[in-house]
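What follows is the content of final30.cif (mmCIF, C-alpha atoms).
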```cif
data_input
#
loop_
_atom_site.label_atom_id
_atom_site.label_comp_id
_atom_site.auth_asym_id
_atom_site.auth_seq_id
_atom_site.Cartn_x
_atom_site.Cartn_y
_atom_site.Cartn_z
CA MET A 1 128.88 -142.89 44.55
CA ASN A 2 130.72 -140.59 46.99
CA HIS A 3 127.67 -139.33 48.86
CA PRO A 4 127.11 -141.60 51.91
CA ARG A 5 123.58 -140.36 52.72
CA ARG A 6 122.33 -140.70 49.16
CA LEU A 7 123.80 -144.21 49.03
CA GLN A 8 121.97 -144.96 52.29
CA ILE A 9 118.71 -143.70 50.76
CA LEU A 10 119.30 -145.76 47.60
CA GLN A 11 119.87 -148.84 49.77
CA ALA A 12 116.63 -148.15 51.63
CA ILE A 13 114.70 -147.73 48.37
CA VAL A 14 116.04 -151.02 47.00
CA GLU A 15 115.30 -152.89 50.24
CA ASP A 16 111.77 -151.49 50.52
CA TYR A 17 110.94 -152.08 46.87
CA VAL A 18 112.19 -155.68 47.07
CA HIS A 19 110.20 -156.27 50.26
CA PHE A 20 106.96 -154.37 49.61
CA GLN A 21 106.84 -154.66 45.80
CA GLU A 22 105.63 -151.09 45.32
CA PRO A 23 107.25 -147.74 44.48
CA VAL A 24 108.85 -146.05 47.49
CA GLY A 25 108.10 -142.46 48.56
CA SER A 26 110.06 -140.10 50.80
CA LYS A 27 107.44 -140.28 53.58
CA ALA A 28 107.69 -144.07 53.76
CA LEU A 29 111.49 -143.88 53.84
CA VAL A 30 111.49 -141.48 56.79
CA GLU A 31 108.95 -143.64 58.66
CA ARG A 32 110.69 -146.99 58.05
CA HIS A 33 114.36 -146.03 58.27
CA ARG A 34 116.39 -144.03 60.76
CA LEU A 35 117.85 -141.62 58.23
CA GLY A 36 118.30 -138.74 60.68
CA VAL A 37 117.10 -136.13 58.18
CA SER A 38 113.83 -134.45 57.24
CA SER A 39 111.42 -135.53 54.51
CA ALA A 40 112.43 -132.46 52.51
CA THR A 41 116.10 -133.52 52.59
CA VAL A 42 115.12 -137.06 51.56
CA ARG A 43 113.10 -135.64 48.65
CA ASN A 44 116.09 -133.57 47.52
CA ASP A 45 118.37 -136.61 47.71
CA MET A 46 115.83 -138.68 45.78
CA ALA A 47 115.74 -135.99 43.09
CA ALA A 48 119.53 -136.17 42.87
CA LEU A 49 119.42 -139.99 42.64
CA GLU A 50 116.87 -139.68 39.85
CA GLU A 51 119.09 -137.24 37.97
CA GLU A 52 121.95 -139.73 38.24
CA GLY A 53 119.73 -142.41 36.71
CA LEU A 54 119.71 -144.59 39.83
CA ILE A 55 115.96 -144.41 40.52
CA THR A 56 112.94 -143.60 38.38
CA ALA A 57 109.22 -142.93 38.71
CA PRO A 58 107.07 -145.63 37.11
CA HIS A 59 104.05 -144.18 35.28
CA THR A 60 102.39 -141.48 37.38
CA SER A 61 103.40 -142.91 40.75
CA SER A 62 104.67 -140.52 43.40
CA GLY A 63 107.13 -143.18 44.55
CA ARG A 64 110.37 -144.30 42.96
CA ILE A 65 111.88 -147.64 42.00
CA PRO A 66 115.53 -148.56 41.31
CA THR A 67 116.87 -148.66 37.75
CA ASP A 68 119.37 -151.21 36.39
CA LYS A 69 122.10 -148.76 37.35
CA GLY A 70 120.57 -148.33 40.83
CA TYR A 71 120.56 -152.05 41.47
CA ARG A 72 124.16 -152.27 40.21
CA THR A 73 125.26 -149.51 42.61
CA PHE A 74 123.44 -151.29 45.45
CA VAL A 75 125.06 -154.65 44.63
CA ASP A 76 128.54 -153.12 44.26
CA GLN A 77 128.41 -151.64 47.77
CA ILE A 78 127.71 -155.01 49.41
CA ALA A 79 131.08 -155.35 51.09
CA ALA A 80 131.01 -159.10 51.70
CA VAL A 81 128.64 -161.99 51.15
CA LYS A 82 127.07 -162.88 54.48
CA PRO A 83 127.31 -166.51 55.64
CA LEU A 84 124.14 -168.57 55.74
CA SER A 85 122.63 -169.46 59.10
CA GLY A 86 123.59 -172.73 60.80
CA PRO A 87 120.25 -174.42 60.01
CA GLU A 88 120.52 -173.37 56.34
CA ARG A 89 124.04 -174.76 56.05
CA ARG A 90 123.02 -178.03 57.71
CA ALA A 91 120.02 -178.32 55.37
CA ILE A 92 122.27 -177.97 52.32
CA GLN A 93 124.77 -180.46 53.70
CA SER A 94 122.23 -183.14 54.65
CA LEU A 95 120.32 -182.85 51.37
CA LEU A 96 123.34 -183.01 49.09
CA ASP A 97 125.26 -185.60 51.13
CA ASP A 98 122.36 -188.04 50.72
CA ALA A 99 122.41 -187.86 46.90
CA ALA A 100 122.80 -191.19 45.12
CA ASP A 101 124.78 -190.09 42.05
CA LEU A 102 125.70 -187.02 40.03
CA ASP A 103 122.28 -186.67 38.37
CA ASP A 104 120.69 -186.77 41.83
CA VAL A 105 123.17 -184.15 43.11
CA MET A 106 122.30 -181.82 40.21
CA GLU A 107 118.53 -182.24 40.69
CA ARG A 108 118.74 -181.73 44.45
CA THR A 109 120.98 -178.67 44.00
CA VAL A 110 118.56 -176.76 41.78
CA ARG A 111 115.52 -177.68 43.87
CA LEU A 112 117.26 -176.52 47.04
CA LEU A 113 118.59 -173.30 45.50
CA ALA A 114 115.15 -172.47 44.07
CA GLN A 115 113.63 -172.94 47.54
CA LEU A 116 116.32 -170.84 49.26
CA THR A 117 116.16 -167.92 46.82
CA HIS A 118 112.57 -168.10 45.47
CA GLN A 119 114.06 -167.72 41.97
CA VAL A 120 114.81 -170.02 39.04
CA ALA A 121 117.91 -172.06 39.86
CA VAL A 122 120.28 -173.39 37.19
CA VAL A 123 123.30 -175.67 37.51
CA GLN A 124 125.73 -176.63 34.79
CA TYR A 125 126.92 -180.22 34.81
CA PRO A 126 130.60 -180.52 35.78
CA ASN A 127 132.83 -179.57 32.89
CA ALA A 128 134.07 -182.78 31.31
CA SER A 129 137.27 -181.39 29.78
CA GLY A 130 139.36 -182.75 32.64
CA VAL A 131 137.22 -185.82 33.31
CA THR A 132 138.77 -189.24 32.76
CA VAL A 133 137.46 -192.78 33.03
CA ARG A 134 137.81 -194.20 36.53
CA HIS A 135 136.39 -197.67 35.82
CA VAL A 136 134.47 -199.71 33.26
CA GLU A 137 132.50 -202.83 34.13
CA VAL A 138 131.08 -205.46 31.76
CA VAL A 139 128.60 -207.73 33.57
CA ASP A 140 127.19 -210.91 31.99
CA LEU A 141 123.38 -210.90 32.07
CA GLY A 142 123.07 -214.19 30.20
CA ALA A 143 121.61 -215.00 26.77
CA GLY A 144 124.23 -212.87 25.01
CA ARG A 145 123.40 -209.69 26.93
CA VAL A 146 125.88 -207.66 29.01
CA LEU A 147 125.51 -204.62 31.23
CA VAL A 148 128.15 -202.01 30.41
CA VAL A 149 128.88 -199.54 33.23
CA LEU A 150 131.10 -196.45 32.82
CA ILE A 151 132.30 -194.57 35.92
CA PRO A 152 134.08 -191.26 35.14
CA THR A 153 136.07 -189.24 37.67
CA ASN A 154 133.27 -186.68 37.97
CA GLY A 155 131.09 -189.38 39.55
CA ARG A 156 128.37 -189.51 36.93
CA VAL A 157 127.75 -193.25 36.54
CA ALA A 158 126.30 -194.28 33.16
CA GLN A 159 125.15 -197.71 32.11
CA ARG A 160 123.48 -199.47 29.20
CA VAL A 161 122.62 -203.04 28.21
CA ALA A 162 124.36 -204.34 25.08
CA VAL A 163 123.20 -207.32 23.03
CA LEU A 164 126.22 -209.22 21.71
CA PRO A 165 126.22 -210.75 18.19
CA ALA A 166 126.66 -214.15 19.90
CA PRO A 167 127.03 -215.34 23.52
CA LEU A 168 130.61 -215.48 24.88
CA GLU A 169 132.31 -218.03 27.07
CA GLU A 170 133.24 -216.83 30.56
CA THR A 171 136.94 -216.69 29.66
CA GLN A 172 136.20 -214.69 26.50
CA LEU A 173 134.08 -212.20 28.44
CA LEU A 174 136.86 -211.84 31.02
CA GLU A 175 139.39 -211.12 28.28
CA LEU A 176 137.08 -208.57 26.66
CA ARG A 177 136.51 -206.83 30.01
CA THR A 178 140.28 -206.73 30.66
CA ARG A 179 141.00 -205.26 27.22
CA VAL A 180 138.26 -202.62 27.56
CA LEU A 181 139.58 -201.59 30.98
CA ALA A 182 143.13 -201.30 29.64
CA ALA A 183 141.96 -199.16 26.70
CA ALA A 184 139.61 -196.83 28.59
CA VAL A 185 140.70 -196.31 32.21
CA GLY A 186 142.70 -193.14 32.74
CA ARG A 187 141.78 -191.67 29.35
CA SER A 188 139.73 -188.51 28.89
CA LEU A 189 136.10 -189.12 27.90
CA ALA A 190 136.79 -187.55 24.49
CA ALA A 191 139.73 -189.91 23.81
CA VAL A 192 137.87 -193.13 24.70
CA PRO A 193 136.21 -193.88 21.30
CA ALA A 194 139.50 -193.76 19.35
CA ALA A 195 141.24 -195.94 21.94
CA LEU A 196 138.46 -198.52 21.66
CA VAL A 197 138.73 -198.61 17.85
CA THR A 198 142.43 -199.48 18.22
CA MET A 199 141.53 -202.11 20.82
CA THR A 200 138.99 -203.89 18.61
CA ALA A 201 141.41 -203.95 15.67
CA ASP A 202 143.89 -205.85 17.86
CA MET A 203 141.36 -208.42 19.07
CA ALA A 204 141.25 -212.04 17.92
CA PRO A 205 138.71 -212.51 15.06
CA ALA A 206 136.41 -214.61 17.28
CA LEU A 207 136.11 -211.80 19.83
CA ARG A 208 136.06 -208.85 17.44
CA PRO A 209 132.24 -208.66 16.81
CA ALA A 210 131.51 -208.63 20.55
CA ALA A 211 134.34 -206.15 21.15
CA GLU A 212 132.94 -203.79 18.52
CA THR A 213 129.49 -203.93 20.14
CA VAL A 214 130.83 -203.22 23.64
CA ALA A 215 133.20 -200.54 22.33
CA GLU A 216 130.30 -198.74 20.64
CA VAL A 217 128.31 -198.71 23.89
CA VAL A 218 131.27 -197.54 26.00
CA GLY A 219 131.99 -194.80 23.45
CA ALA A 220 128.37 -193.63 23.52
CA LEU A 221 128.38 -193.54 27.35
CA ALA A 222 131.63 -191.54 27.32
CA ALA A 223 130.21 -189.06 24.78
CA GLY A 224 127.10 -188.61 26.91
CA GLY A 225 129.24 -187.86 29.95
CA ALA A 226 131.15 -185.19 28.05
CA GLU A 227 128.06 -183.16 27.12
CA HIS A 228 127.69 -179.61 28.37
CA ARG A 229 124.24 -179.43 29.85
CA MET A 230 122.36 -177.90 32.71
CA VAL A 231 119.40 -178.56 34.96
CA MET A 232 116.95 -175.97 36.28
CA ALA A 233 114.13 -175.74 38.81
CA GLY A 234 111.78 -173.10 40.15
CA THR A 235 110.21 -171.74 36.95
CA ALA A 236 107.00 -171.31 38.97
CA ASN A 237 108.86 -168.67 41.02
CA LEU A 238 109.37 -166.68 37.83
CA ALA A 239 105.69 -167.00 36.95
CA ARG A 240 104.85 -165.30 40.26
CA ALA A 241 107.01 -162.31 39.25
CA THR A 242 105.20 -161.46 36.00
CA GLY A 243 104.68 -157.86 37.14
CA ASP A 244 108.44 -157.30 37.12
CA PHE A 245 108.67 -157.91 33.36
CA HIS A 246 107.15 -155.20 31.17
CA LEU A 247 106.63 -157.52 28.22
CA SER A 248 106.22 -161.05 29.55
CA ILE A 249 108.21 -163.80 31.20
CA GLY A 250 107.98 -165.80 27.95
CA PRO A 251 111.35 -164.67 26.53
CA VAL A 252 113.08 -165.39 29.86
CA LEU A 253 111.60 -168.89 30.02
CA GLU A 254 112.64 -169.49 26.40
CA ALA A 255 116.21 -168.40 27.18
CA LEU A 256 116.28 -170.82 30.11
CA GLU A 257 114.93 -173.67 27.99
CA GLU A 258 117.45 -172.86 25.23
CA GLN A 259 120.39 -174.22 27.19
CA VAL A 260 123.01 -172.90 24.76
CA VAL A 261 122.00 -169.31 25.61
CA MET A 262 122.25 -169.85 29.36
CA LEU A 263 125.44 -171.89 29.19
CA ARG A 264 127.11 -169.15 27.11
CA LEU A 265 125.99 -166.47 29.58
CA LEU A 266 127.21 -168.48 32.57
CA SER A 267 130.57 -169.11 30.93
CA GLU A 268 131.01 -165.35 30.34
CA MET A 269 130.27 -164.39 33.97
CA GLU A 270 133.42 -163.73 35.99
CA GLN A 271 133.04 -163.83 39.75
CA ASP A 272 134.39 -160.90 41.77
CA ALA A 273 136.39 -160.76 45.00
CA ARG A 274 133.26 -161.72 46.95
CA GLY A 275 133.10 -165.03 45.12
CA VAL A 276 130.01 -164.31 43.01
CA ALA A 277 129.09 -162.77 39.65
CA VAL A 278 126.02 -160.59 39.17
CA ARG A 279 124.53 -159.46 35.85
CA ILE A 280 121.65 -156.98 36.04
CA GLY A 281 119.16 -156.01 33.35
CA ALA A 282 120.78 -154.37 30.34
CA GLU A 283 124.14 -155.91 31.34
CA ASN A 284 122.67 -159.11 29.88
CA ALA A 285 122.61 -157.32 26.50
CA ALA A 286 119.44 -156.57 24.57
CA GLY A 287 118.34 -160.20 24.59
CA PRO A 288 115.56 -161.96 26.47
CA LEU A 289 117.28 -161.48 29.85
CA SER A 290 117.49 -157.68 29.57
CA GLU A 291 114.84 -157.34 32.30
CA ALA A 292 116.27 -160.09 34.48
CA ALA A 293 119.12 -160.50 36.95
CA VAL A 294 121.51 -163.45 37.09
CA VAL A 295 123.57 -164.32 40.16
CA ALA A 296 126.11 -167.12 39.64
CA THR A 297 129.37 -168.55 40.85
CA GLY A 298 131.74 -171.34 39.93
CA TYR A 299 132.10 -174.75 41.50
CA GLY A 300 134.57 -177.53 40.80
CA PRO A 301 137.12 -176.86 38.06
CA GLN A 302 135.06 -174.88 35.50
CA SER A 303 131.31 -175.23 36.07
CA LYS A 304 128.69 -172.72 37.23
CA VAL A 305 125.61 -172.67 39.46
CA GLY A 306 123.26 -169.71 39.85
CA VAL A 307 119.81 -168.21 39.80
CA VAL A 308 117.79 -166.15 37.34
CA GLY A 309 115.01 -163.82 38.42
CA PRO A 310 113.64 -160.30 38.20
CA MET A 311 115.92 -157.37 38.94
CA ARG A 312 113.80 -156.83 42.05
CA MET A 313 115.45 -159.62 44.04
CA ASP A 314 117.00 -159.92 47.48
CA TYR A 315 120.60 -159.70 46.28
CA PRO A 316 122.43 -160.19 49.62
CA SER A 317 120.50 -163.39 50.47
CA THR A 318 120.65 -164.69 46.90
CA MET A 319 124.41 -164.14 46.66
CA ALA A 320 124.89 -165.92 49.99
CA ALA A 321 122.77 -168.92 48.98
CA VAL A 322 124.42 -169.31 45.57
CA ARG A 323 127.92 -169.17 47.05
CA ALA A 324 127.11 -171.58 49.89
CA VAL A 325 125.54 -174.16 47.57
CA ALA A 326 128.50 -173.90 45.17
CA ARG A 327 130.94 -174.57 48.01
CA TYR A 328 129.08 -177.74 49.04
CA LEU A 329 128.94 -178.85 45.41
CA SER A 330 132.70 -178.43 45.09
CA ARG A 331 133.28 -180.42 48.28
CA ILE A 332 130.93 -183.27 47.32
CA LEU A 333 132.29 -183.59 43.79
CA GLY A 334 135.88 -183.19 44.88
CA GLY A 335 136.49 -180.08 42.77
#
```

So that I can check it, write out the structure of this file as structure tokens.
Amino acid sequence: MNHPRRLQILQAIVEDYVHFQEPVGSKALVERHRLGVSSATVRNDMAALEEEGLITAPHTSSGRIPTDKGYRTFVDQIAAVKPLSGPERRAIQSLLDDAADLDDVMERTVRLLAQLTHQVAVVQYPNASGVTVRHVEVVDLGAGRVLVVLIPTNGRVAQRVAVLPAPLEETQLLELRTRVLAAAVGRSLAAVPAALVTMTADMAPALRPAAETVAEVVGALAAGGAEHRMVMAGTANLARATGDFHLSIGPVLEALEEQVVMLRLLSEMEQDARGVAVRIGAENAAGPLSEAAVVATGYGPQSKVGVVGPMRMDYPSTMAAVRAVARYLSRILGG
């Protein structure tokens, strides 16, 4: 838009509608904002904005609300994402630095982002395509049971107890552990199962049954670490915004629960020069998120974190929170 005053009025309408949750009239705009023009001029500008499809009148209201296109114009004119306050940054740092493992990091991330933005927060687990095995441990628990621990380079520790076909001597267990380490460490998670099959074929007959059992467990742990999945929090925030969805929040909740839908959407979102990606309303296609907005950004090599909410959201603050949390995630996970 090349009309500075009309853009200023659009910004004021978006800000007031987000804050007050009701259609905005020209009188309210003049009273709340220093526009430097008369109510009549504001009304004329609002009429022009409506003709351009940037604002609309809901039902018989005398006020106006932004359209998808209006929100998009508002978001596009945000020159830069503002930094979070010092206390907010310290809160993110202290919460995420105290996490015990990757699962804990993911859970804390979505809870924190949901609290900061008052929206539904989603985080995709780190992409496993570049993840390799850092270490494997096989610990004797006695009575023919061993604890198998897999530590990948993305930090997500996985473990499982395996029951061996027969108890092993200490020297046999040491040899098995050494062979498993040699076969798995440094390999991608996807390549681990095949490497372990080769390893068991080369084992002495006396060790082969135990090796097959341990190999199966290590392979299963590696496959679990390679899954594409996400965690979310804050669905109650969406429930409080039912008035923003003409039909119901049901389809949005279903899209969130159906992880494939969300993961595909997140993978398609390309962040802009400000370091975030924003999809608004109909930009999410005619699917269940056509009345929602999604703000996301990347962290680490290829993963995404973001929020989903109504189009009537505080975009500047949401964009800032999403970007700040993503930066801490990248630092913590070494991406």

_Selection result for the PyMOL selection byres ((chain A and resi 237) around 12) on this file, as a ChimeraX atom specification_ = /A:111,113-121,232-236,238-242,249,253,307-310,313

_Given only C-alpha atoms as the counted atoms, nearest of A:Leu265, A:Asp244, A:Glu170, A:Leu95 to Pro58 in chain A_ =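 Checking each of A:Leu265, A:Asp244, A:Glu170, A:Leu95 against Pro58 in chain A, counting only C-alpha atoms, the winner is A:Asp244.
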
*Write out as an MDAnalysis selection string the residues lying within 9 Å of Ser267 in chain A, counting only C-alpha atoms and excluding same-chain residues fewer than 2 positions away.*
chainID A and resid 262:265 269:270 302:304

*Take the PyMOL selection byres ((chain A and resi 194-196) around 9), apply it to the structure above, and return the hits as a PyMOL selection string.*
chain A and resi 180+183-184+187+190-193+197-201+211-212+215-216+218-219

*Give me the result of the PyMOL selection byres ((chain A and resi 320) around 9) on this file, residue by residue, as JSON, numbers by chain.*
{"A": [81, 82, 83, 84, 276, 315, 316, 317, 318, 319, 321, 322, 323, 324, 325]}

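Using only C-alpha atoms, the shortest contact distance between Glu254 in chain A and any of A:Leu141, A:Ala204, A:Leu147, A:Leu289 is found at A:Leu289.
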
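In this comparison, which uses all atoms listed in the file, the residue of A:Val37, A:Val75, A:Ala162, A:Met230 approaching Leu10 in chain A most closely is A:Val75.
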
*What's the 6 Å shell around Pro152 in chain A, counting all atoms listed in the file, without same-chain residues fewer than 4 positions away, as a list of chain:residue names?*
A:Thr132, A:Val133, A:Arg134

*asked:* Just the number, please: distance in Å from CA of Ser61 in chain A to CA of His3 in chain A, one decimal.
replied: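 Here the two named atoms are 25.8 Å from each other.
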
*Expressed in Å to a single decimal, how great is the separation between CA of Gly25 in chain A and CA of Gly53 in chain A?*
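Computing it gives 16.6 Å between the two atoms.
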
*Please write as a ChimeraX atom specification the list of polymer residues whose atoms come within 9 Å of (119.2, -146.9, 36.0), counting only C-alpha atoms and keeping to the coordinates of the file.*
/A:50,52-56,66-72

For range 254-265 of chain A, supply all heavy atoms and report the output as an mmCIF file, in the coordinates of the input.
```cif
data_model
loop_
_atom_site.group_PDB
_atom_site.id
_atom_site.type_symbol
_atom_site.label_atom_id
_atom_site.label_comp_id
_atom_site.auth_asym_id
_atom_site.auth_seq_id
_atom_site.Cartn_x
_atom_site.Cartn_y
_atom_site.Cartn_z
ATOM 1 N N GLU A 254 112.064 -168.930 27.632
ATOM 2 C CA GLU A 254 112.640 -169.490 26.400
ATOM 3 C C GLU A 254 114.170 -169.514 26.475
ATOM 4 O O GLU A 254 114.810 -170.475 26.039
ATOM 5 C CB GLU A 254 112.184 -168.687 25.183
ATOM 6 C CG GLU A 254 110.725 -168.944 24.815
ATOM 7 C CD GLU A 254 110.212 -167.963 23.773
ATOM 8 O OE1 GLU A 254 111.048 -167.295 23.131
ATOM 9 O OE2 GLU A 254 108.980 -167.855 23.620
ATOM 10 N N ALA A 255 114.753 -168.454 27.047
ATOM 11 C CA ALA A 255 116.210 -168.400 27.180
ATOM 12 C C ALA A 255 116.707 -169.504 28.122
ATOM 13 O O ALA A 255 117.762 -170.105 27.902
ATOM 14 C CB ALA A 255 116.643 -167.033 27.707
ATOM 15 N N LEU A 256 115.920 -169.770 29.171
ATOM 16 C CA LEU A 256 116.280 -170.820 30.110
ATOM 17 C C LEU A 256 116.178 -172.195 29.446
ATOM 18 O O LEU A 256 117.025 -173.068 29.646
ATOM 19 C CB LEU A 256 115.373 -170.776 31.340
ATOM 20 C CG LEU A 256 115.649 -169.608 32.300
ATOM 21 C CD1 LEU A 256 114.482 -169.405 33.248
ATOM 22 C CD2 LEU A 256 116.922 -169.872 33.085
ATOM 23 N N GLU A 257 115.123 -172.382 28.673
ATOM 24 C CA GLU A 257 114.930 -173.670 27.990
ATOM 25 C C GLU A 257 116.001 -173.876 26.910
ATOM 26 O O GLU A 257 116.441 -174.994 26.668
ATOM 27 C CB GLU A 257 113.537 -173.727 27.352
ATOM 28 C CG GLU A 257 112.393 -173.768 28.349
ATOM 29 C CD GLU A 257 112.277 -175.098 29.084
ATOM 30 O OE1 GLU A 257 112.991 -176.045 28.712
ATOM 31 O OE2 GLU A 257 111.485 -175.181 30.040
ATOM 32 N N GLU A 258 116.407 -172.783 26.268
ATOM 33 C CA GLU A 258 117.450 -172.860 25.230
ATOM 34 C C GLU A 258 118.794 -172.893 25.954
ATOM 35 O O GLU A 258 119.419 -171.872 26.180
ATOM 36 C CB GLU A 258 117.357 -171.639 24.308
ATOM 37 C CG GLU A 258 118.294 -171.693 23.117
ATOM 38 C CD GLU A 258 117.991 -172.823 22.156
ATOM 39 O OE1 GLU A 258 116.805 -173.010 21.813
ATOM 40 O OE2 GLU A 258 118.935 -173.511 21.769
ATOM 41 N N GLN A 259 119.241 -174.087 26.295
ATOM 42 C CA GLN A 259 120.390 -174.220 27.190
ATOM 43 C C GLN A 259 121.648 -173.546 26.658
ATOM 44 O O GLN A 259 122.456 -173.036 27.438
ATOM 45 C CB GLN A 259 120.656 -175.698 27.468
ATOM 46 C CG GLN A 259 119.549 -176.368 28.242
ATOM 47 C CD GLN A 259 119.980 -177.689 28.854
ATOM 48 O OE1 GLN A 259 121.141 -178.077 28.772
ATOM 49 N NE2 GLN A 259 119.046 -178.378 29.476
ATOM 50 N N VAL A 260 121.803 -173.508 25.340
ATOM 51 C CA VAL A 260 123.010 -172.900 24.760
ATOM 52 C C VAL A 260 123.140 -171.441 25.192
ATOM 53 O O VAL A 260 124.225 -170.965 25.516
ATOM 54 C CB VAL A 260 122.985 -173.011 23.216
ATOM 55 C CG1 VAL A 260 124.174 -172.274 22.610
ATOM 56 C CG2 VAL A 260 122.997 -174.468 22.793
ATOM 57 N N VAL A 261 122.006 -170.726 25.223
ATOM 58 C CA VAL A 261 122.000 -169.310 25.610
ATOM 59 C C VAL A 261 122.480 -169.150 27.047
ATOM 60 O O VAL A 261 123.357 -168.336 27.356
ATOM 61 C CB VAL A 261 120.590 -168.700 25.444
ATOM 62 C CG1 VAL A 261 120.546 -167.270 25.976
ATOM 63 C CG2 VAL A 261 120.170 -168.728 23.981
ATOM 64 N N MET A 262 121.906 -169.959 27.954
ATOM 65 C CA MET A 262 122.250 -169.850 29.360
ATOM 66 C C MET A 262 123.681 -170.306 29.629
ATOM 67 O O MET A 262 124.409 -169.683 30.405
ATOM 68 C CB MET A 262 121.285 -170.684 30.204
ATOM 69 C CG MET A 262 119.993 -169.977 30.588
ATOM 70 S SD MET A 262 120.214 -168.332 31.305
ATOM 71 C CE MET A 262 121.246 -168.683 32.721
ATOM 72 N N LEU A 263 124.091 -171.389 28.973
ATOM 73 C CA LEU A 263 125.440 -171.890 29.190
ATOM 74 C C LEU A 263 126.489 -170.872 28.726
ATOM 75 O O LEU A 263 127.524 -170.689 29.369
ATOM 76 C CB LEU A 263 125.647 -173.224 28.453
ATOM 77 C CG LEU A 263 124.913 -174.433 29.074
ATOM 78 C CD1 LEU A 263 124.972 -175.627 28.141
ATOM 79 C CD2 LEU A 263 125.500 -174.789 30.433
ATOM 80 N N ARG A 264 126.191 -170.182 27.607
ATOM 81 C CA ARG A 264 127.110 -169.150 27.110
ATOM 82 C C ARG A 264 127.187 -167.995 28.118
ATOM 83 O O ARG A 264 128.278 -167.494 28.427
ATOM 84 C CB ARG A 264 126.661 -168.640 25.747
ATOM 85 C CG ARG A 264 127.675 -167.676 25.110
ATOM 86 C CD ARG A 264 127.176 -167.095 23.803
ATOM 87 N NE ARG A 264 126.853 -168.132 22.848
ATOM 88 C CZ ARG A 264 125.657 -168.266 22.263
ATOM 89 N NH1 ARG A 264 124.685 -167.436 22.555
ATOM 90 N NH2 ARG A 264 125.453 -169.230 21.396
ATOM 91 N N LEU A 265 126.020 -167.571 28.618
ATOM 92 C CA LEU A 265 125.990 -166.470 29.580
ATOM 93 C C LEU A 265 126.768 -166.844 30.845
ATOM 94 O O LEU A 265 127.594 -166.066 31.335
ATOM 95 C CB LEU A 265 124.543 -166.119 29.939
ATOM 96 C CG LEU A 265 124.361 -165.065 31.037
ATOM 97 C CD1 LEU A 265 124.941 -163.733 30.598
ATOM 98 C CD2 LEU A 265 122.891 -164.904 31.400
#
```
